[in-house]
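> Compact mmCIF, C-alpha atoms and all ligand atoms, saved as start-v2.txt, coming up:
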# COMPACT_ATOMS: atom_id res chain seq x y z
CA MET A 1 95.13 63.65 111.78
CA SER A 2 93.46 64.52 108.46
CA ALA A 3 93.84 62.49 105.29
CA ARG A 4 95.86 63.66 102.34
CA HIS A 5 93.92 65.69 99.78
CA GLU A 6 93.04 63.75 96.62
CA PRO A 7 93.81 66.00 93.62
CA VAL A 8 90.97 66.35 91.09
CA LEU A 9 91.06 65.82 87.29
CA VAL A 10 94.85 65.38 87.33
CA ALA A 11 95.25 64.03 83.76
CA GLU A 12 92.95 66.73 82.38
CA VAL A 13 94.75 69.51 84.29
CA LEU A 14 98.13 68.31 82.96
CA GLY A 15 96.71 68.01 79.44
CA PHE A 16 96.13 71.76 79.40
CA LEU A 17 98.79 73.00 81.81
CA CYS A 18 101.93 71.27 80.44
CA ASN A 19 103.25 73.91 78.09
CA GLY A 20 106.99 73.24 77.79
CA PRO A 21 109.87 74.34 79.99
CA GLY A 22 109.51 77.49 82.08
CA LEU A 23 108.15 78.91 85.31
CA TYR A 24 104.75 77.69 86.53
CA LEU A 25 102.54 78.94 89.34
CA ASP A 26 100.38 76.73 91.52
CA ALA A 27 98.39 79.46 93.28
CA THR A 28 96.59 76.92 95.50
CA LEU A 29 99.30 74.41 96.36
CA GLY A 30 97.31 72.57 99.06
CA ASP A 31 98.90 69.16 99.62
CA GLY A 32 100.92 69.56 96.41
CA GLY A 33 99.23 66.75 94.45
CA HIS A 34 98.82 68.68 91.19
CA ALA A 35 102.23 70.30 91.69
CA GLU A 36 103.95 66.93 92.06
CA ALA A 37 102.23 65.57 88.95
CA LEU A 38 103.27 68.66 86.96
CA LEU A 39 106.91 68.50 88.07
CA GLU A 40 107.03 64.83 87.09
CA ALA A 41 105.33 65.30 83.72
CA GLU A 42 107.22 68.45 82.67
CA PRO A 43 110.96 68.02 83.40
CA GLY A 44 111.75 71.60 82.32
CA ALA A 45 109.19 73.08 84.72
CA ARG A 46 110.09 75.15 87.77
CA LEU A 47 107.30 75.89 90.18
CA LEU A 48 106.23 78.71 92.42
CA GLY A 49 103.82 77.06 94.88
CA ASN A 50 101.57 79.39 96.85
CA ASP A 51 99.01 78.90 99.59
CA ARG A 52 97.49 81.09 102.28
CA ASP A 53 97.55 78.16 104.69
CA ALA A 54 100.93 77.66 106.38
CA ALA A 55 100.07 74.09 107.45
CA SER A 56 99.42 73.08 103.82
CA LEU A 57 102.68 74.69 102.73
CA ALA A 58 104.60 72.76 105.39
CA PHE A 59 103.12 69.49 104.17
CA ALA A 60 103.76 70.30 100.48
CA ARG A 61 107.33 71.43 101.24
CA GLU A 62 108.20 67.91 102.42
CA ARG A 63 106.33 66.22 99.63
CA LEU A 64 108.09 68.28 96.95
CA ALA A 65 111.56 68.31 98.59
CA ARG A 66 112.92 65.80 96.08
CA PHE A 67 112.51 68.39 93.29
CA GLY A 68 115.09 70.60 95.02
CA GLU A 69 115.60 74.04 93.52
CA ARG A 70 112.88 73.54 90.94
CA VAL A 71 110.40 74.48 93.67
CA MET A 72 109.90 77.84 95.44
CA LEU A 73 107.15 78.41 97.97
CA SER A 74 105.21 81.49 99.01
CA HIS A 75 102.69 82.08 101.76
CA GLY A 76 99.85 84.48 101.00
CA THR A 77 96.57 85.16 99.28
CA PHE A 78 96.01 85.69 95.57
CA ARG A 79 96.28 89.42 96.16
CA GLU A 80 99.90 88.92 97.20
CA LEU A 81 100.86 86.94 94.09
CA PRO A 82 102.45 89.90 92.24
CA GLU A 83 105.03 90.32 95.03
CA ALA A 84 105.57 86.56 95.31
CA LEU A 85 106.25 86.32 91.58
CA ALA A 86 108.60 89.32 91.70
CA ARG A 87 110.56 87.58 94.49
CA ALA A 88 110.85 84.49 92.27
CA GLY A 89 112.58 86.53 89.51
CA THR A 90 111.57 88.45 86.44
CA GLU A 91 110.46 85.57 84.25
CA PRO A 92 106.82 85.61 83.12
CA LEU A 93 104.73 82.49 83.74
CA THR A 94 104.42 79.64 81.25
CA GLY A 95 101.44 78.20 83.12
CA ALA A 96 99.27 78.83 86.17
CA LEU A 97 96.86 76.64 88.13
CA PHE A 98 94.05 77.78 90.44
CA ASP A 99 92.36 74.87 92.24
CA LEU A 100 89.91 76.85 94.34
CA GLY A 101 88.26 76.21 97.68
CA LEU A 102 89.41 73.98 100.51
CA SER A 103 91.59 70.90 100.72
CA SER A 104 90.47 67.76 102.55
CA ARG A 105 93.23 68.41 105.08
CA GLN A 106 91.49 71.66 106.05
CA VAL A 107 87.91 70.34 106.01
CA ASP A 108 88.70 67.20 107.99
CA ASP A 109 90.61 68.96 110.77
CA ALA A 110 87.94 69.64 113.42
CA ALA A 111 90.15 72.23 115.13
CA ARG A 112 90.01 74.43 111.99
CA GLY A 113 86.24 74.80 112.39
CA MET A 114 85.51 74.41 108.66
CA SER A 115 82.86 71.72 108.64
CA TYR A 116 79.33 71.38 109.93
CA ARG A 117 79.99 67.65 110.27
CA LEU A 118 82.74 68.07 112.88
CA GLU A 119 82.42 69.81 116.21
CA GLY A 120 84.99 72.59 116.59
CA PRO A 121 85.40 76.33 117.09
CA LEU A 122 83.39 78.34 114.55
CA ASP A 123 86.39 79.71 112.65
CA LEU A 124 86.35 79.00 108.87
CA ARG A 125 89.60 80.84 108.10
CA MET A 126 92.02 79.25 105.63
CA ASP A 127 94.85 81.17 107.31
CA PRO A 128 94.29 80.97 111.08
CA ASP A 129 97.12 83.48 111.69
CA ARG A 130 95.35 86.35 109.97
CA GLY A 131 92.01 88.06 110.43
CA GLU A 132 89.52 86.75 112.98
CA PRO A 133 87.29 83.69 113.32
CA VAL A 134 83.89 83.98 111.69
CA ALA A 135 82.19 83.71 115.12
CA ARG A 136 83.68 87.10 116.04
CA ARG A 137 82.70 88.69 112.74
CA LEU A 138 79.16 87.41 113.21
CA ALA A 139 78.91 89.13 116.58
CA ARG A 140 79.50 92.50 114.84
CA VAL A 141 77.89 92.19 111.41
CA SER A 142 74.54 93.83 110.67
CA GLU A 143 71.52 91.69 109.77
CA GLU A 144 71.38 93.40 106.38
CA GLU A 145 74.99 92.65 105.46
CA LEU A 146 74.69 89.05 106.57
CA GLU A 147 71.51 88.59 104.56
CA VAL A 148 73.38 89.66 101.39
CA VAL A 149 76.31 87.34 102.24
CA LEU A 150 73.99 84.34 102.67
CA ARG A 151 71.98 85.06 99.56
CA GLU A 152 74.76 86.06 97.18
CA ARG A 153 77.58 83.76 98.29
CA GLY A 154 75.54 80.69 99.22
CA ASP A 155 72.14 80.99 97.44
CA VAL A 156 70.62 80.43 100.90
CA PRO A 157 66.80 80.58 100.84
CA GLN A 158 65.03 82.72 103.46
CA ALA A 159 68.29 84.56 104.00
CA ARG A 160 66.64 87.40 105.93
CA ARG A 161 65.11 85.15 108.57
CA LEU A 162 68.26 83.15 109.02
CA SER A 163 70.47 86.22 109.18
CA ARG A 164 68.31 87.67 111.96
CA ALA A 165 68.56 84.44 113.96
CA ILE A 166 72.33 84.12 113.42
CA VAL A 167 73.05 87.72 114.44
CA ALA A 168 70.93 87.40 117.61
CA ALA A 169 72.66 84.14 118.60
CA ALA A 170 76.15 85.47 117.81
CA ARG A 171 75.62 88.65 119.84
CA SER A 172 74.45 86.67 122.84
CA GLY A 173 77.59 84.50 122.65
CA ALA A 174 75.64 81.36 121.71
CA LEU A 175 77.40 80.74 118.40
CA ALA A 176 80.94 79.79 119.30
CA THR A 177 81.06 76.34 117.69
CA THR A 178 80.35 74.71 114.33
CA GLY A 179 77.74 72.54 116.08
CA SER A 180 75.81 75.54 117.41
CA LEU A 181 75.63 77.12 113.93
CA ALA A 182 74.63 73.78 112.39
CA ALA A 183 71.84 73.36 114.97
CA LEU A 184 70.53 76.84 114.29
CA ALA A 185 70.80 76.83 110.46
CA GLY A 186 69.45 73.28 110.17
CA ARG A 187 66.55 73.72 112.60
CA GLY A 188 63.36 72.09 111.28
CA LEU A 189 65.19 70.39 108.39
CA SER A 190 66.30 66.80 107.98
CA GLY A 191 68.07 64.47 105.57
CA ARG A 192 69.28 65.90 102.27
CA GLU A 193 67.54 69.19 102.78
CA ARG A 194 69.46 69.79 106.00
CA THR A 195 72.79 68.76 104.43
CA ARG A 196 72.19 71.08 101.50
CA ARG A 197 71.24 74.03 103.67
CA LEU A 198 74.23 73.59 105.97
CA SER A 199 76.64 73.35 103.01
CA GLN A 200 75.18 76.56 101.60
CA VAL A 201 75.43 78.44 104.89
CA PHE A 202 78.95 77.27 105.75
CA GLN A 203 80.13 77.96 102.21
CA ALA A 204 78.68 81.48 102.20
CA LEU A 205 80.32 82.32 105.52
CA ARG A 206 83.65 80.77 104.50
CA MET A 207 83.73 82.75 101.26
CA TRP A 208 82.90 85.91 103.19
CA VAL A 209 85.43 85.54 106.01
CA ASN A 210 88.20 84.63 103.54
CA GLU A 211 87.15 87.27 100.96
CA GLU A 212 87.39 84.56 98.31
CA GLY A 213 85.46 86.35 95.56
CA GLU A 214 87.50 89.52 95.96
CA ASP A 215 90.74 87.53 95.89
CA LEU A 216 89.77 85.62 92.77
CA GLU A 217 88.76 88.82 90.99
CA ALA A 218 92.16 90.37 91.76
CA ALA A 219 94.02 87.27 90.52
CA LEU A 220 92.06 87.10 87.26
CA ALA A 221 92.79 90.75 86.54
CA TRP A 222 96.52 90.24 87.25
CA LEU A 223 97.01 87.11 85.14
CA GLU A 224 97.25 88.88 81.82
CA ARG A 225 100.36 90.70 83.05
CA ALA A 226 101.86 87.64 84.72
CA LEU A 227 101.70 85.09 81.88
CA ARG A 228 103.95 85.14 78.84
CA PRO A 229 102.23 85.22 75.46
CA GLY A 230 101.20 81.60 74.83
CA GLY A 231 101.06 80.95 78.59
CA VAL A 232 98.16 78.88 79.91
CA VAL A 233 95.89 79.25 82.92
CA VAL A 234 93.84 76.32 84.25
CA THR A 235 91.09 76.82 86.83
CA LEU A 236 89.18 74.29 88.91
CA SER A 237 86.15 75.71 90.68
CA TYR A 238 83.59 74.00 92.90
CA HIS A 239 80.95 76.69 93.06
CA SER A 240 78.78 78.05 90.25
CA GLY A 241 79.42 81.68 91.27
CA GLU A 242 83.17 81.21 90.96
CA ASP A 243 82.83 79.45 87.62
CA ARG A 244 80.68 82.31 86.32
CA ARG A 245 83.23 84.85 87.51
CA ILE A 246 86.07 83.03 85.71
CA LYS A 247 84.09 82.71 82.47
CA ARG A 248 82.93 86.30 82.52
CA THR A 249 86.36 87.76 83.25
CA LEU A 250 88.52 85.63 80.95
CA ARG A 251 86.08 85.39 78.05
CA GLY A 252 85.54 89.13 78.26
CA THR A 253 82.23 90.81 77.69
CA PRO A 254 81.55 91.11 73.96
CA VAL A 255 81.42 94.74 72.86
CA ALA A 256 78.67 95.60 70.38
CA LEU A 257 80.04 97.32 67.28
CA PRO A 258 77.88 99.07 64.67
CA ARG A 259 76.74 96.47 62.12
CA ARG A 260 78.00 98.46 59.13
CA LEU A 261 81.16 100.46 59.44
CA PRO A 262 82.02 103.28 57.02
CA GLU A 263 84.62 102.03 54.52
CA THR A 264 87.23 104.38 55.88
CA SER A 265 86.67 103.24 59.44
CA THR A 266 89.66 101.84 61.27
CA MET A 267 87.44 100.45 64.02
CA ARG A 268 88.15 96.80 64.84
CA PRO A 269 86.64 94.51 67.40
CA PRO A 270 88.63 94.84 70.63
CA GLU A 271 91.35 92.24 70.96
CA ARG A 272 90.73 89.71 73.65
CA PRO A 273 93.80 88.63 75.58
CA TRP A 274 92.57 85.06 76.10
CA GLN A 275 91.78 82.13 73.84
CA GLU A 276 89.49 79.63 75.54
CA LEU A 277 90.92 76.10 75.31
CA THR A 278 87.95 74.36 76.92
CA ARG A 279 85.04 74.82 74.51
CA ARG A 280 82.89 73.09 77.09
CA VAL A 281 83.54 72.90 80.78
CA VAL A 282 85.40 69.72 81.81
CA THR A 283 83.96 67.71 84.72
CA PRO A 284 85.12 64.51 86.48
CA SER A 285 84.07 61.14 85.07
CA ARG A 286 81.57 59.04 86.97
CA ARG A 287 84.42 56.83 88.03
CA GLU A 288 86.37 59.72 89.54
CA GLN A 289 83.24 61.03 91.27
CA THR A 290 82.67 57.62 92.84
CA SER A 291 86.24 57.15 94.00
CA ASN A 292 86.57 60.78 95.15
CA PRO A 293 83.12 62.20 96.04
CA ARG A 294 84.65 65.62 96.76
CA SER A 295 85.44 65.95 93.06
CA ARG A 296 81.72 65.96 92.20
CA SER A 297 81.18 69.65 91.71
CA ALA A 298 84.55 70.36 90.01
CA ARG A 299 84.53 72.43 86.81
CA LEU A 300 87.73 72.82 84.83
CA ARG A 301 88.39 75.66 82.38
CA ALA A 302 91.59 76.54 80.52
CA PHE A 303 92.65 79.66 78.64
CA ARG A 304 95.76 80.61 76.66
CA ARG A 305 97.17 84.11 76.59
CA ILE A 306 97.12 85.09 72.96
CA GLN A 307 100.51 85.56 71.28
CA GLU A 308 101.55 89.16 70.67
C1 LIG A 401 91.50 72.49 96.66
S1 LIG A 401 92.92 72.87 97.59
C2 LIG A 401 94.22 72.62 96.45
C3 LIG A 401 94.68 71.20 96.39
C4 LIG A 401 95.91 70.96 95.53
N1 LIG A 401 95.64 71.26 94.14
C5 LIG A 401 96.44 69.55 95.70
O1 LIG A 401 96.64 68.86 94.70
O2 LIG A 401 96.69 69.14 96.84
C6 LIG A 401 92.87 74.61 97.67
C7 LIG A 401 94.02 75.24 98.43
O3 LIG A 401 94.05 76.61 98.02
C8 LIG A 401 94.22 77.45 99.12
N2 LIG A 401 93.55 78.71 98.78
C9 LIG A 401 92.22 78.86 98.51
N3 LIG A 401 91.94 80.14 98.23
C10 LIG A 401 93.13 80.81 98.31
C11 LIG A 401 93.48 82.18 98.12
N4 LIG A 401 92.57 83.08 97.81
N5 LIG A 401 94.78 82.53 98.26
C12 LIG A 401 95.72 81.58 98.56
N6 LIG A 401 95.43 80.27 98.78
C13 LIG A 401 94.15 79.89 98.65
C14 LIG A 401 93.62 76.71 100.29
O4 LIG A 401 94.24 77.10 101.51
C15 LIG A 401 93.86 75.25 99.93
O5 LIG A 401 95.04 74.76 100.53
Translate this file's structure into structure tokens.
Ligand SMILES: C[S@@+](CC[C@H](N)C(=O)[O-])C[C@H]1O[C@@H](n2cnc3c(N)ncnc32)[C@H](O)[C@@H]1O

Amino acid sequence: MSARHEPVLVAEVLGFLCNGPGLYLDATLGDGGHAEALLEAEPGARLLGNDRDAASLAFARERLARFGERVMLSHGTFRELPEALARAGTEPLTGALFDLGLSSRQVDDAARGMSYRLEGPLDLRMDPDRGEPVARRLARVSEEELEVVLRERGDVPQARRLSRAIVAAARSGALATTGSLAALAGRGLSGRERTRRLSQVFQALRMWVNEEGEDLEAALAWLERALRPGGVVVTLSYHSGEDRRIKRTLRGTPVALPRRLPETSTMRPPERPWQELTRRVVTPSRREQTSNPRSRSARLRAFRRIQE
């Protein structure tokens, strides 16, 4: 039985997210820790809680039952959020939270095959009812594609060599468990170096099999339509690539205008839909990092949709 997920930066999340009465989205409900704190802190809040993992939703449903009709749940990925929101009614969102990655419940459940520390089937899916375990994908992928996955999603060094070894092992049926991948990817390494390499490899494969980057991109593009003017989005990411993607998309890429415009010109800088509320990224205090080591890499950002 896995332990309950410890929510990260709760006070800081609420500080940005609480935005008066209205409809809120928790796109990554997990165990419902942030959701519960929001519903307690904001009595006028109703919540659409979403997760792609049915087991997490079942846990959160019980935890949030006391809030009654203030809570609606939906099961799906970020790409299915537009339909989930439409089912919840026509009201635009007052606030949205994206707490990316995995919950402790998922990582600590050996049967889910998420962790190099626990022996289990090499699966890595957040929704075990859809798609196929990563072991099966690895038996079909080309060395070239896998090399790009390892390098771009996990910053894995010597990605070509490792991808060749992984593909050969997967095709011969020797890569069915988390332990067999850990033994192969960690060969010749020890201590911190081994831990680091295995985290990189498992993370890259998890992000690939769950299409996490593609999902996040779709959600970020949709948010402008989903939030009401003045609505707030808070993101917690645990991976520098995700944090970069959030910054780049919501800050917008500055467009260079000619330095001197003719006096009659009506050209104006393009309007950005988002005001950044976190001038600097917010990270957990030392105290939080000590009491909850999984919070260590968390990076919080918040943006407000500019009033029309
Ligand atoms: C870090 S946990 C969230 C924990 C939650 N904030 C809490 O307080 O318990 C992330 C959750 O988001 C879900 N998730 C991650 N990526 C997702 C995606 N693209 N679509 C839907 N759910 C996703 C995972 O299944 C996991 O349950």
> Might you pull out every residue within 12 Å of A:Leu9, with all atoms listed in the file counted and same-chain residues fewer than 3 positions away left off, and present them as a ChimeraX atom specification?
/A:6,12-17,33-34,37,99,234-237,282-289,291-292,294-301
> Per residue of chain A within 9 Å of ligand LIG 401 (chain A), which atom pair is closest and at what distance in Å (one decimal), using all atoms listed in the file, listed by chain and increasing number, as a tab-separated table?

residue	atom	partner	partner_atom	distance
A:Arg4	CA	A:LIG401	O2	7.8
A:His5	CA	A:LIG401	O2	5.3
A:Glu6	CA	A:LIG401	O2	6.5
A:Pro7	CA	A:LIG401	O1	4.2
A:Val8	CA	A:LIG401	O1	7.2
A:Val10	CA	A:LIG401	O1	8.3
A:Asp26	CA	A:LIG401	N1	7.7
A:Ala27	CA	A:LIG401	C12	6.3
A:Thr28	CA	A:LIG401	O3	3.6
A:Leu29	CA	A:LIG401	C4	4.9
A:Gly30	CA	A:LIG401	O5	3.5
A:Asp31	CA	A:LIG401	O2	3.6
A:Gly32	CA	A:LIG401	O2	4.3
A:Gly33	CA	A:LIG401	O1	3.4
A:His34	CA	A:LIG401	O1	4.1
A:Ala35	CA	A:LIG401	O1	6.5
A:Glu36	CA	A:LIG401	O1	8.0
A:Ala37	CA	A:LIG401	O1	8.7
A:Asn50	CA	A:LIG401	C12	6.5
A:Asp51	CA	A:LIG401	N6	3.9
A:Arg52	CA	A:LIG401	N6	4.1
A:Asp53	CA	A:LIG401	O4	4.7
A:Ala54	CA	A:LIG401	O4	8.3
A:Ala55	CA	A:LIG401	O5	8.6
A:Ser56	CA	A:LIG401	O5	5.7
A:Leu57	CA	A:LIG401	O5	8.0
A:Ala60	CA	A:LIG401	O2	8.0
A:His75	CA	A:LIG401	C12	7.7
A:Gly76	CA	A:LIG401	C12	5.6
A:Thr77	CA	A:LIG401	N5	3.3
A:Phe78	CA	A:LIG401	N5	4.3
A:Arg79	CA	A:LIG401	N5	7.4
A:Glu80	CA	A:LIG401	N5	8.3
A:Leu81	CA	A:LIG401	N5	8.6
A:Leu97	CA	A:LIG401	N1	8.2
A:Phe98	CA	A:LIG401	N1	7.7
A:Asp99	CA	A:LIG401	C1	5.1
A:Leu100	CA	A:LIG401	C6	5.0
A:Gly101	CA	A:LIG401	C9	4.8
A:Leu102	CA	A:LIG401	C6	4.5
A:Ser103	CA	A:LIG401	S1	3.9
A:Ser104	CA	A:LIG401	S1	7.5
A:Arg105	CA	A:LIG401	O5	8.0
A:Gln106	CA	A:LIG401	O5	7.3
A:Arg125	CA	A:LIG401	O4	8.9
A:Met126	CA	A:LIG401	O4	5.2
A:Asp127	CA	A:LIG401	O4	7.1
A:Asn210	CA	A:LIG401	N4	7.4
A:Glu211	CA	A:LIG401	N4	7.5
A:Glu212	CA	A:LIG401	N4	5.4
A:Gly213	CA	A:LIG401	N4	8.1
A:Glu214	CA	A:LIG401	N4	8.4
A:Asp215	CA	A:LIG401	N4	5.2
A:Leu216	CA	A:LIG401	N4	6.3
A:Ala219	CA	A:LIG401	N4	8.5
A:Leu236	CA	A:LIG401	C1	8.3
A:Ser237	CA	A:LIG401	C1	8.6
A:Tyr238	CA	A:LIG401	C1	8.9
> Can you measure atom CA of A:Val71 to atom CA of A:Gly95 for me? One decimal in Å is fine.
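A separation of 14.3 Å between them.
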> With only C-alpha atoms as the basis for distance, which of A:Arg228, A:Arg206, A:Arg160, A:Arg244 is at the shortest distance from A:Asn19?
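So, comparing all the options, the nearest one is A:Arg228.
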> Nearest to A:Leu118: which of A:Gly44, A:Gly179, A:Pro21, A:Gly252 is it, counting all atoms listed in the file?
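Smallest separation from A:Leu118 among the options: A:Gly179.
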